[in-house]
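Q: My file is my_file22.tsv. It has TSV, C-alpha atoms and all ligand atoms:
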chain	number	residue	atom	x	y	z
A	6	MET	CA	-53.24	-32.20	-4.12
A	7	LYS	CA	-52.22	-29.29	-1.92
A	8	VAL	CA	-51.79	-26.02	-3.82
A	9	LEU	CA	-50.30	-23.01	-2.06
A	10	THR	CA	-51.24	-19.74	-3.77
A	11	VAL	CA	-49.34	-16.49	-3.18
A	12	VAL	CA	-51.09	-13.16	-3.77
A	13	GLY	CA	-50.20	-9.67	-2.59
A	14	ALA	CA	-51.27	-6.91	-4.98
A	15	ARG	CA	-54.66	-5.69	-6.23
A	16	PRO	CA	-54.69	-7.39	-9.65
A	17	GLN	CA	-53.74	-10.70	-8.03
A	18	PHE	CA	-56.79	-10.62	-5.77
A	19	ILE	CA	-58.95	-10.22	-8.88
A	20	LYS	CA	-57.20	-13.12	-10.64
A	21	ALA	CA	-57.58	-15.27	-7.51
A	22	ALA	CA	-61.29	-14.39	-7.46
A	23	ALA	CA	-61.55	-16.21	-10.79
A	24	VAL	CA	-59.26	-19.14	-9.98
A	25	SER	CA	-59.27	-19.97	-6.24
A	26	ASN	CA	-62.82	-21.25	-5.89
A	27	VAL	CA	-62.39	-23.36	-9.04
A	28	ILE	CA	-59.17	-24.97	-7.76
A	29	ARG	CA	-60.88	-25.68	-4.43
A	30	LYS	CA	-63.45	-27.89	-6.23
A	31	HIS	CA	-60.84	-30.66	-6.49
A	32	HIS	CA	-57.84	-29.62	-4.42
A	33	THR	CA	-56.84	-28.14	-1.08
A	34	GLU	CA	-55.68	-24.55	-1.39
A	35	ILE	CA	-53.63	-22.63	1.16
A	36	LEU	CA	-53.88	-18.91	0.37
A	37	VAL	CA	-51.00	-16.65	1.40
A	38	HIS	CA	-51.31	-12.84	1.23
A	39	THR	CA	-47.89	-11.20	1.33
A	40	GLY	CA	-49.31	-7.87	2.51
A	41	GLN	CA	-47.71	-5.98	-0.40
A	42	HIS	CA	-51.00	-4.08	-0.72
A	43	TYR	CA	-52.64	-3.41	2.62
A	44	ASP	CA	-54.94	-0.34	2.50
A	45	GLU	CA	-58.55	-1.39	2.85
A	46	ASN	CA	-59.37	-0.12	-0.66
A	47	MET	CA	-56.33	-1.89	-2.16
A	48	SER	CA	-56.93	-5.24	-0.48
A	49	LYS	CA	-59.83	-6.03	1.88
A	50	VAL	CA	-62.50	-4.62	-0.44
A	51	PHE	CA	-61.66	-7.27	-3.05
A	52	PHE	CA	-61.86	-10.18	-0.62
A	53	ASP	CA	-65.21	-8.91	0.67
A	54	GLU	CA	-66.82	-8.04	-2.69
A	55	LEU	CA	-65.56	-10.96	-4.74
A	56	ASN	CA	-65.95	-13.76	-2.24
A	57	ILE	CA	-62.27	-14.64	-2.32
A	58	PRO	CA	-61.39	-17.19	0.38
A	59	LYS	CA	-59.86	-15.59	3.48
A	60	PRO	CA	-56.05	-15.90	3.39
A	61	ASP	CA	-54.65	-18.59	5.66
A	62	TYR	CA	-51.58	-16.41	6.23
A	63	ASN	CA	-50.89	-12.68	5.91
A	64	LEU	CA	-47.18	-11.92	5.90
A	65	GLU	CA	-47.81	-8.18	6.40
A	66	VAL	CA	-44.60	-7.16	4.62
A	67	GLY	CA	-46.02	-3.76	3.60
A	68	SER	CA	-44.22	-1.27	1.36
A	69	GLY	CA	-40.47	-0.92	0.92
A	70	SER	CA	-37.63	-0.99	-1.57
A	71	HIS	CA	-37.68	-3.90	-4.03
A	72	GLY	CA	-34.93	-5.85	-2.29
A	73	ARG	CA	-36.30	-5.34	1.19
A	74	GLN	CA	-39.89	-6.13	0.21
A	75	THR	CA	-39.00	-9.23	-1.82
A	76	GLY	CA	-36.48	-10.40	0.80
A	77	MET	CA	-38.99	-10.09	3.65
A	78	MET	CA	-41.44	-12.16	1.62
A	79	LEU	CA	-38.81	-14.85	0.98
A	80	ILE	CA	-37.94	-15.18	4.66
A	81	LYS	CA	-41.58	-15.51	5.71
A	82	LEU	CA	-42.68	-17.71	2.80
A	83	GLU	CA	-39.90	-20.22	3.43
A	84	GLU	CA	-41.22	-20.94	6.93
A	85	ILE	CA	-44.75	-21.45	5.59
A	86	TYR	CA	-43.69	-23.66	2.67
A	87	GLU	CA	-41.66	-25.83	5.05
A	88	LYS	CA	-44.61	-26.16	7.39
A	89	GLU	CA	-47.34	-26.67	4.75
A	90	LYS	CA	-45.32	-28.79	2.29
A	91	PRO	CA	-47.46	-27.93	-0.75
A	92	ASP	CA	-47.37	-30.07	-3.91
A	93	PHE	CA	-47.46	-26.91	-6.04
A	94	VAL	CA	-47.02	-23.18	-5.53
A	95	LEU	CA	-49.27	-21.00	-7.70
A	96	VAL	CA	-48.40	-17.37	-8.50
A	97	TYR	CA	-50.03	-14.71	-10.67
A	98	GLY	CA	-48.68	-11.95	-12.88
A	99	ASP	CA	-45.52	-9.96	-12.38
A	100	THR	CA	-45.26	-8.28	-8.99
A	101	ASN	CA	-42.66	-8.68	-6.28
A	102	SER	CA	-45.08	-11.10	-4.59
A	103	THR	CA	-45.00	-13.23	-7.77
A	104	LEU	CA	-41.23	-13.44	-7.86
A	105	ALA	CA	-40.88	-14.11	-4.13
A	106	GLY	CA	-43.52	-16.86	-4.29
A	107	ALA	CA	-41.81	-18.56	-7.24
A	108	LEU	CA	-38.20	-18.15	-6.10
A	109	CYS	CA	-38.87	-19.45	-2.62
A	110	ALA	CA	-40.65	-22.52	-4.01
A	111	SER	CA	-37.94	-23.20	-6.59
A	112	LYS	CA	-35.20	-23.13	-3.94
A	113	LEU	CA	-37.14	-25.73	-1.94
A	114	LEU	CA	-37.71	-27.81	-5.11
A	115	ILE	CA	-41.48	-27.27	-4.96
A	116	PRO	CA	-42.99	-27.09	-8.49
A	117	VAL	CA	-44.25	-23.66	-9.53
A	118	ALA	CA	-47.34	-22.81	-11.61
A	119	HIS	CA	-47.37	-19.31	-13.12
A	120	VAL	CA	-50.67	-17.83	-14.23
A	121	GLU	CA	-50.24	-15.05	-16.84
A	122	ALA	CA	-46.88	-16.39	-17.95
A	123	GLY	CA	-45.04	-15.41	-21.13
A	124	LEU	CA	-45.90	-11.71	-21.26
A	125	ARG	CA	-43.05	-9.45	-22.31
A	126	SER	CA	-42.60	-5.72	-22.74
A	127	PHE	CA	-38.92	-6.25	-23.67
A	128	ASN	CA	-38.12	-3.36	-21.35
A	129	ARG	CA	-35.86	-4.75	-18.64
A	130	ASP	CA	-35.94	-1.45	-16.73
A	131	MET	CA	-39.44	-2.34	-15.58
A	132	PRO	CA	-39.60	-4.21	-12.26
A	133	GLU	CA	-42.54	-6.15	-13.74
A	134	GLU	CA	-40.44	-7.39	-16.70
A	135	GLN	CA	-37.69	-8.58	-14.36
A	136	ASN	CA	-40.27	-10.39	-12.23
A	137	ARG	CA	-41.94	-12.00	-15.26
A	138	VAL	CA	-38.79	-13.27	-16.91
A	139	LEU	CA	-37.39	-14.70	-13.69
A	140	THR	CA	-40.69	-16.28	-12.65
A	141	ASP	CA	-41.21	-17.91	-16.05
A	142	HIS	CA	-37.74	-19.43	-15.94
A	143	LEU	CA	-38.46	-20.88	-12.48
A	144	SER	CA	-41.87	-22.30	-13.40
A	145	ASN	CA	-42.90	-25.86	-14.21
A	146	LEU	CA	-46.40	-25.03	-15.42
A	147	LEU	CA	-46.83	-21.85	-17.43
A	148	PHE	CA	-50.44	-20.83	-17.98
A	149	VAL	CA	-50.30	-18.24	-20.73
A	150	PRO	CA	-53.18	-15.97	-21.81
A	151	THR	CA	-52.33	-15.35	-25.47
A	152	GLU	CA	-50.58	-16.85	-28.49
A	153	SER	CA	-47.88	-14.18	-28.49
A	154	ALA	CA	-47.00	-15.26	-24.93
A	155	VAL	CA	-46.40	-18.82	-26.23
A	156	GLU	CA	-44.07	-17.37	-28.86
A	157	ASN	CA	-42.22	-15.21	-26.34
A	158	LEU	CA	-41.50	-18.26	-24.21
A	159	LYS	CA	-40.40	-20.30	-27.22
A	160	LYS	CA	-37.82	-17.62	-28.06
A	161	GLU	CA	-36.41	-18.02	-24.54
A	162	GLY	CA	-36.26	-21.81	-24.91
A	163	ILE	CA	-39.33	-22.54	-22.78
A	164	THR	CA	-41.69	-24.99	-24.48
A	165	LYS	CA	-42.34	-27.62	-21.80
A	166	GLY	CA	-45.31	-27.14	-19.47
A	167	VAL	CA	-46.71	-24.21	-21.52
A	168	TYR	CA	-50.52	-24.09	-21.81
A	169	ASN	CA	-52.49	-21.35	-23.54
A	170	VAL	CA	-55.59	-21.36	-21.35
A	171	GLY	CA	-56.77	-17.83	-22.11
A	172	ASP	CA	-56.93	-14.95	-19.69
A	173	VAL	CA	-58.22	-15.37	-16.13
A	174	MET	CA	-59.20	-11.69	-16.07
A	175	PHE	CA	-61.66	-12.47	-18.86
A	176	ASP	CA	-63.18	-15.11	-16.56
A	177	ALA	CA	-63.40	-12.49	-13.80
A	178	VAL	CA	-65.17	-9.96	-16.02
A	179	LEU	CA	-67.67	-12.57	-17.19
A	180	ASN	CA	-68.27	-13.75	-13.61
A	181	PHE	CA	-68.83	-10.30	-12.16
A	182	LYS	CA	-70.16	-8.13	-15.00
A	183	LYS	CA	-73.81	-8.64	-14.08
A	184	LEU	CA	-73.20	-7.71	-10.43
A	185	ALA	CA	-71.21	-4.65	-11.53
A	186	GLU	CA	-74.05	-3.26	-13.64
A	187	ASN	CA	-75.78	-1.86	-10.54
A	188	LYS	CA	-72.67	-0.42	-8.93
A	189	ASN	CA	-73.12	3.05	-10.38
A	190	GLN	CA	-73.11	4.99	-7.10
A	191	ILE	CA	-69.83	6.73	-7.89
A	192	ILE	CA	-70.96	8.15	-11.24
A	193	LYS	CA	-74.16	9.34	-9.58
A	194	GLU	CA	-72.27	11.02	-6.74
A	195	ILE	CA	-69.87	12.74	-9.13
A	196	GLY	CA	-72.81	13.90	-11.23
A	197	LEU	CA	-71.70	12.17	-14.43
A	198	GLN	CA	-74.51	9.66	-14.83
A	199	GLY	CA	-75.53	9.47	-18.48
A	200	LYS	CA	-72.70	11.85	-19.43
A	201	GLU	CA	-69.50	11.22	-21.33
A	202	TYR	CA	-66.29	10.86	-19.39
A	203	ILE	CA	-62.80	9.46	-19.72
A	204	LEU	CA	-61.75	6.86	-17.15
A	205	THR	CA	-58.07	7.06	-16.20
A	206	THR	CA	-55.64	5.13	-14.05
A	207	ILE	CA	-51.95	5.90	-13.53
A	208	HIS	CA	-49.59	3.97	-11.31
A	209	ARG	CA	-46.67	2.46	-13.21
A	210	ALA	CA	-43.29	3.28	-11.68
A	211	GLU	CA	-41.94	4.20	-15.13
A	212	ASN	CA	-44.46	7.10	-15.11
A	213	THR	CA	-44.78	8.06	-11.46
A	214	ASN	CA	-41.06	8.01	-10.71
A	215	HIS	CA	-40.14	10.48	-13.46
A	216	ILE	CA	-41.40	14.00	-12.92
A	217	ASP	CA	-41.34	14.83	-16.66
A	218	ARG	CA	-43.50	11.84	-17.57
A	219	LEU	CA	-46.01	12.37	-14.77
A	220	LYS	CA	-46.16	16.12	-15.48
A	221	ASN	CA	-46.93	15.44	-19.18
A	222	ILE	CA	-49.73	13.05	-18.23
A	223	VAL	CA	-51.24	15.48	-15.72
A	224	GLU	CA	-51.06	18.36	-18.21
A	225	ALA	CA	-52.65	16.29	-20.98
A	226	LEU	CA	-55.55	15.30	-18.74
A	227	ASN	CA	-55.90	18.86	-17.41
A	228	GLU	CA	-56.12	20.23	-20.95
A	229	CYS	CA	-58.29	17.56	-22.62
A	230	ASN	CA	-61.58	19.49	-22.25
A	231	LYS	CA	-63.37	16.37	-21.03
A	232	ALA	CA	-64.61	15.11	-17.71
A	233	VAL	CA	-62.14	12.58	-16.35
A	234	ILE	CA	-62.66	10.12	-13.49
A	235	LEU	CA	-59.41	9.09	-11.85
A	236	PRO	CA	-59.33	6.52	-9.04
A	237	LEU	CA	-55.90	7.48	-7.74
A	238	HIS	CA	-53.39	4.75	-6.83
A	239	PRO	CA	-51.55	5.52	-3.54
A	240	ARG	CA	-48.19	5.45	-5.34
A	241	THR	CA	-49.31	8.22	-7.69
A	242	LYS	CA	-50.91	10.25	-4.91
A	243	LYS	CA	-47.58	10.28	-3.09
A	244	TYR	CA	-45.59	11.40	-6.16
A	245	MET	CA	-48.16	14.08	-7.08
A	246	THR	CA	-47.56	15.63	-3.64
A	247	ASP	CA	-43.78	15.21	-3.82
A	248	TYR	CA	-43.64	16.91	-7.25
A	249	GLY	CA	-46.23	19.58	-6.38
A	250	LEU	CA	-48.44	18.60	-9.34
A	251	LYS	CA	-52.16	19.50	-9.35
A	252	PHE	CA	-55.20	18.33	-11.29
A	253	ASN	CA	-57.70	20.77	-12.78
A	254	GLU	CA	-61.44	20.84	-11.98
A	255	ASN	CA	-62.35	18.62	-14.94
A	256	ILE	CA	-60.60	15.71	-13.24
A	257	LYS	CA	-62.61	13.98	-10.56
A	258	VAL	CA	-59.98	12.37	-8.37
A	259	ILE	CA	-61.36	9.61	-6.17
A	260	GLU	CA	-59.89	6.99	-3.87
A	261	PRO	CA	-59.14	3.55	-5.40
A	262	VAL	CA	-62.44	1.72	-5.86
A	263	GLY	CA	-63.58	-1.89	-5.53
A	264	TYR	CA	-63.57	-4.16	-8.59
A	265	LEU	CA	-67.32	-4.04	-9.19
A	266	GLU	CA	-67.30	-0.24	-9.01
A	267	MET	CA	-64.30	-0.16	-11.36
A	268	ILE	CA	-65.99	-2.42	-13.91
A	269	ASN	CA	-69.04	-0.16	-13.72
A	270	LEU	CA	-66.87	2.92	-14.33
A	271	GLU	CA	-65.29	1.16	-17.31
A	272	MET	CA	-68.66	0.08	-18.77
A	273	ASN	CA	-70.03	3.59	-18.68
A	274	SER	CA	-66.94	5.43	-19.91
A	275	GLU	CA	-66.39	6.89	-23.35
A	276	LYS	CA	-62.68	6.04	-23.51
A	277	ILE	CA	-60.09	4.61	-21.14
A	278	VAL	CA	-56.68	6.22	-20.67
A	279	THR	CA	-54.32	4.13	-18.57
A	280	ASP	CA	-50.90	2.68	-17.88
A	281	SER	CA	-52.33	-0.41	-16.17
A	282	GLY	CA	-51.96	-3.89	-17.64
A	283	GLY	CA	-55.28	-5.21	-16.36
A	284	VAL	CA	-57.23	-2.11	-17.34
A	285	GLN	CA	-55.97	-2.33	-20.96
A	286	LYS	CA	-57.50	-5.81	-21.17
A	287	GLU	CA	-60.72	-4.76	-19.48
A	288	ALA	CA	-61.09	-1.89	-21.96
A	289	PHE	CA	-60.98	-4.56	-24.68
A	290	PHE	CA	-63.54	-6.76	-22.87
A	291	MET	CA	-65.86	-3.74	-22.44
A	292	LYS	CA	-65.32	-2.69	-26.06
A	293	LYS	CA	-63.95	0.70	-25.03
A	294	PRO	CA	-61.15	2.44	-26.94
A	295	CYS	CA	-57.97	2.32	-24.86
A	296	ILE	CA	-55.15	4.85	-24.87
A	297	THR	CA	-52.08	3.43	-23.17
A	298	MET	CA	-49.63	5.87	-21.65
A	299	ARG	CA	-46.61	3.62	-21.88
A	300	ASP	CA	-43.78	3.16	-24.39
A	301	GLU	CA	-44.74	-0.44	-25.04
A	302	THR	CA	-47.36	-2.97	-24.04
A	303	GLU	CA	-47.37	-6.67	-23.27
A	304	TRP	CA	-50.95	-6.85	-24.58
A	305	VAL	CA	-49.94	-6.51	-28.21
A	306	GLU	CA	-53.07	-8.25	-29.50
A	307	THR	CA	-55.26	-5.39	-28.24
A	308	VAL	CA	-53.20	-3.01	-30.39
A	309	LYS	CA	-53.13	-5.31	-33.45
A	310	ASN	CA	-56.91	-5.61	-33.19
A	311	GLY	CA	-57.27	-1.84	-33.28
A	312	TRP	CA	-58.69	-1.35	-29.78
A	313	ASN	CA	-55.62	0.02	-28.04
A	314	VAL	CA	-53.11	2.70	-29.00
A	315	VAL	CA	-49.76	3.04	-27.23
A	316	VAL	CA	-48.84	6.72	-27.00
A	317	GLY	CA	-46.11	7.00	-24.35
A	318	THR	CA	-46.25	10.15	-22.25
A	319	ASP	CA	-46.00	12.78	-24.95
A	320	LYS	CA	-48.63	15.37	-24.05
A	321	GLU	CA	-49.69	16.11	-27.63
A	322	LYS	CA	-49.96	12.42	-28.53
A	323	ILE	CA	-52.16	11.74	-25.49
A	324	LEU	CA	-54.37	14.73	-26.32
A	325	ASP	CA	-54.58	13.81	-30.00
A	326	SER	CA	-55.59	10.21	-29.30
A	327	ILE	CA	-58.19	11.25	-26.71
A	328	VAL	CA	-59.89	13.21	-29.49
A	329	ASN	CA	-59.14	11.14	-32.57
A	330	PHE	CA	-58.59	7.47	-31.69
A	331	VAL	CA	-61.43	5.39	-33.07
A	332	PRO	CA	-61.31	1.62	-32.51
A	333	ASN	CA	-62.12	-1.13	-34.99
A	334	LYS	CA	-65.72	-2.24	-35.30
A	335	ASP	CA	-64.91	-5.93	-34.88
A	336	GLN	CA	-63.08	-7.80	-32.19
A	337	LYS	CA	-61.37	-11.19	-32.36
A	338	ASP	CA	-61.35	-13.62	-29.40
A	339	ILE	CA	-57.76	-13.04	-28.39
A	340	PHE	CA	-58.10	-13.87	-24.70
A	341	GLY	CA	-59.69	-17.31	-24.93
A	342	ASP	CA	-63.24	-18.35	-24.14
A	343	GLY	CA	-63.63	-17.08	-20.58
A	344	ASN	CA	-62.92	-20.46	-19.00
A	345	ALA	CA	-59.23	-20.11	-18.27
A	346	SER	CA	-59.78	-21.17	-14.64
A	347	GLY	CA	-61.52	-24.40	-15.69
A	348	LYS	CA	-58.62	-25.23	-18.01
A	349	ILE	CA	-56.09	-24.54	-15.25
A	350	LEU	CA	-58.00	-26.94	-13.01
A	351	GLU	CA	-58.03	-29.66	-15.71
A	352	ILE	CA	-54.27	-29.37	-16.15
A	353	LEU	CA	-53.62	-29.38	-12.39
A	354	ASP	CA	-55.83	-32.49	-12.12
A	355	LYS	CA	-53.59	-34.27	-14.63
A	401	LIG	C1	-47.37	-3.10	-7.65
A	401	LIG	C2	-46.63	-3.91	-8.71
A	401	LIG	C3	-47.13	-3.52	-10.10
A	401	LIG	C4	-48.64	-3.63	-10.19
A	401	LIG	C5	-49.30	-2.86	-9.05
A	401	LIG	C6	-50.78	-3.10	-9.05
A	401	LIG	C7	-44.32	-4.52	-8.12
A	401	LIG	C8	-42.89	-4.22	-8.34
A	401	LIG	N1	-45.19	-3.64	-8.66
A	401	LIG	O1	-47.05	-1.74	-7.88
A	401	LIG	O2	-46.55	-4.38	-11.06
A	401	LIG	O3	-49.04	-3.11	-11.41
A	401	LIG	O4	-48.76	-3.31	-7.79
A	401	LIG	O5	-51.48	-2.10	-8.41
A	401	LIG	O6	-44.65	-5.49	-7.49
A	401	LIG	N2	-49.14	1.94	-1.13
A	401	LIG	C9	-50.04	2.33	-0.19
A	401	LIG	N3	-50.97	1.40	0.23
A	401	LIG	C10	-51.03	0.15	-0.25
A	401	LIG	C11	-50.09	-0.24	-1.21
A	401	LIG	C12	-49.14	0.66	-1.65
A	401	LIG	O7	-50.04	3.46	0.27
A	401	LIG	O8	-51.90	-0.63	0.16
A	401	LIG	C13	-48.14	2.96	-1.62
A	401	LIG	C14	-46.85	2.99	-0.83
A	401	LIG	O9	-46.40	4.30	-0.80
A	401	LIG	C15	-45.93	2.15	-1.68
A	401	LIG	C16	-46.41	2.48	-3.09
A	401	LIG	O10	-47.82	2.64	-2.97
A	401	LIG	O11	-44.58	2.47	-1.51
A	401	LIG	C17	-46.11	1.42	-4.12
A	401	LIG	O12	-46.61	0.14	-3.71
A	401	LIG	P1	-45.91	-1.21	-4.27
A	401	LIG	O13	-46.69	-2.37	-3.84
A	401	LIG	O14	-44.46	-1.20	-3.95
A	401	LIG	O15	-45.98	-1.06	-5.82
A	401	LIG	P2	-47.21	-0.67	-6.74
A	401	LIG	O16	-46.92	0.63	-7.38
A	401	LIG	O17	-48.48	-0.81	-6.01
A	402	LIG	N1	-58.92	-1.72	-10.30
A	402	LIG	C1	-59.85	-1.61	-9.26
A	402	LIG	N2	-59.97	-0.40	-8.64
A	402	LIG	C2	-59.24	0.70	-9.00
A	402	LIG	C3	-58.31	0.56	-10.07
A	402	LIG	C4	-58.17	-0.67	-10.69
A	402	LIG	O1	-60.52	-2.57	-8.92
A	402	LIG	O2	-59.41	1.75	-8.39
A	402	LIG	C5	-58.77	-3.04	-10.95
A	402	LIG	C6	-58.92	-3.03	-12.44
A	402	LIG	O3	-60.29	-3.12	-12.80
A	402	LIG	C7	-58.11	-4.26	-12.84
A	402	LIG	C8	-57.00	-4.27	-11.83
A	402	LIG	O4	-57.44	-3.48	-10.74
A	402	LIG	O5	-58.89	-5.42	-12.69
A	402	LIG	C9	-55.75	-3.73	-12.41
A	402	LIG	O6	-54.82	-3.54	-11.41
A	402	LIG	P1	-53.69	-2.42	-11.48
A	402	LIG	O7	-54.00	-1.42	-12.52
A	402	LIG	O8	-53.46	-1.95	-10.10
A	402	LIG	O9	-52.40	-3.30	-11.85
A	402	LIG	P2	-51.83	-3.90	-13.22
A	402	LIG	O10	-52.92	-4.64	-13.90
A	402	LIG	O11	-51.27	-2.77	-14.01
A	402	LIG	O12	-50.72	-4.77	-12.75
Take the structure in the file and give it back as structure tokens.

A:
Amino acid sequence: MKVLTVVGARPQFIKAAAVSNVIRKHHTEILVHTGQHYDENMSKVFFDELNIPKPDYNLEVGSGSHGRQTGMMLIKLEEIYEKEKPDFVLVYGDTNSTLAGALCASKLLIPVAHVEAGLRSFNRDMPEEQNRVLTDHLSNLLFVPTESAVENLKKEGITKGVYNVGDVMFDAVLNFKKLAENKNQIIKEIGLQGKEYILTTIHRAENTNHIDRLKNIVEALNECNKAVILPLHPRTKKYMTDYGLKFNENIKVIEPVGYLEMINLEMNSEKIVTDSGGVQKEAFFMKKPCITMRDETEWVETVKNGWNVVVGTDKEKILDSIVNFVPNKDQKDIFGDGNASGKILEILDK
């Protein structure tokens, strides 16, 4: 079978690192990179470090407004789909690359497989929520990571083709954890080896695009009396400059890092403070308390299990949870058994 996979943004490279080589055991895969992320440290580093197959096509769409970016992808993908005639198109997650990949396939009557289907924040203002809902409704195979995702789909009338395979990011962590253990150069360089620090990421549009929300986050981190390591997403860097916001000395701002370096930073952290989807899950895998600076989360099981607390962007709530949030002692297996990729392959084989 010929599977055409569309990736474009950082978390999708990591998911493909878990899935692509497994699919290639039995099937032909054509890998298309939309070029949504293009800086070396947002794209190439992942292909190099994680042994992801080199993309067969790079659409080089770059940054832009939602309509322009998604539209450019559609135009270019259509040509490739018509030329390659895949049996299936595979997409991951909830970015504009996901939606473009699925919509283009659906219009050409090519079946769509969606990995990380069924997640919902129930906040339709989020571009990610729009992309998820639309992609799920266009998909023929829906590989969901959690039981609540199965339920979400059921409520929208989607029951056919739904498979709870577990989370492919759990596969990735298990595959690469050992390699990541030695990647402690950054902590050494910053001078925080063996010391306590908070690891932070911020990039969600709902935070960066509202000065009040970003200002609250920056002030909370500035005032938390802890060392903070912050690999800064280019979106956030741009808005920090536009708004004239500054970080204090306690915050070590670094460029975005490779996946192995990031896993190492997570492993050695005291707590994780983030608005990322993937990083919330990784905090759970690493057994680190997670403080989520959003108004809701799709990863509700991490909260129910007592490992994640959703605090929004209220400065006092962020500060309070940095000091006081203590996770549960136990963890349940809410993300499957770490073999989501193998299960995806089995289902594709059938
Ligand atoms: C995108 C996804 C988001 C995901 C995130 C992962 C959408 C709508 N959003 O958000 O769901 O969580 O990726 O990181 O698809 N930029 C660079 N260099 C790059 C890439 C981006 O400088 O290599 C800057 C540009 O100024 C760009 C901005 O970051 O305008 C935002 O990039 P974009 O891909 O539109 O969205 P993300 O915020 O990265
Ligand atoms: N990540 C990384 N380097 C960084 C920041 C994040 O490798 O500097 C990884 C992180 O470990 C996780 C993924 O990127 O695997 C999450 O992507 P991101 O936060 O950009 O997007 P989201 O998951 O919110 O869509």

Q: Output the neighbourhood of ligand LIG 401 (chain A) as a VMD selection string, that is, all protein and nucleic acid residues with some atom at most 9 Å from the ligand, counting all atoms listed in the file.

A: chain A and resid 13 to 17 40 to 48 67 to 71 74 to 75 98 to 104 131 to 134 136 208 to 210 213 238 to 244 280 to 283

Q: Using only C-alpha atoms, which of A:Met174, A:Val50, A:Ile35, A:Val284 sits nearest A:Ala345?

A: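 Counting only C-alpha atoms, the residue closest to A:Ala345 is A:Met174.
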
Q: If we count only C-alpha atoms, what is near A:Thr33 at a cut-off of 9 Å, once residues fewer than 5 positions away on the same chain are taken out, given as a count of residues only?

A: 5

Q: Could you please determine the separation between atom CA of A:Glu84 and atom CA of A:Gly106 in Å, to one decimal place?

A: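 Atom-to-atom, atom CA of A:Glu84 and atom CA of A:Gly106 are spaced 12.2 Å apart.
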
Q: How big is the axis-aligned box around the listed atoms of ligand LIG 402 (chain A) once 8 Å is added on each side, and where is its centre? Give both in Å to one decimal, as AutoDock Vina command-line options.

A:
--center_x -55.6 --center_y -1.8 --center_z -11.2 --size_x 25.8 --size_y 23.2 --size_z 21.6

Q: Leaving out stretch 192-198 of chain A and any residue of its chain fewer than 4 positions from it, which residues lie within 10 Å of it when counting only C-alpha atoms, given as a list of chain:residue names?

A: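 These residues fall inside the cut-off: A:Lys188, A:Tyr202, A:Ala232, A:Val233, A:Ile234, A:Lys257, A:Val258, A:Ile259, A:Glu266, A:Asn269, A:Leu270, A:Asn273, A:Ser274.
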
Q: How far is it from atom CA of A:Ile163 to atom CA of A:Val96, in Å with one decimal?

A: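 Interatomic distance here is 17.7 Å.
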
Q: Which of these residues is nearest to ligand LIG 402 (chain A), using all atoms listed in the file: A:Val11, A:Leu219, A:Leu250, A:Ala23?

A: A:Ala23
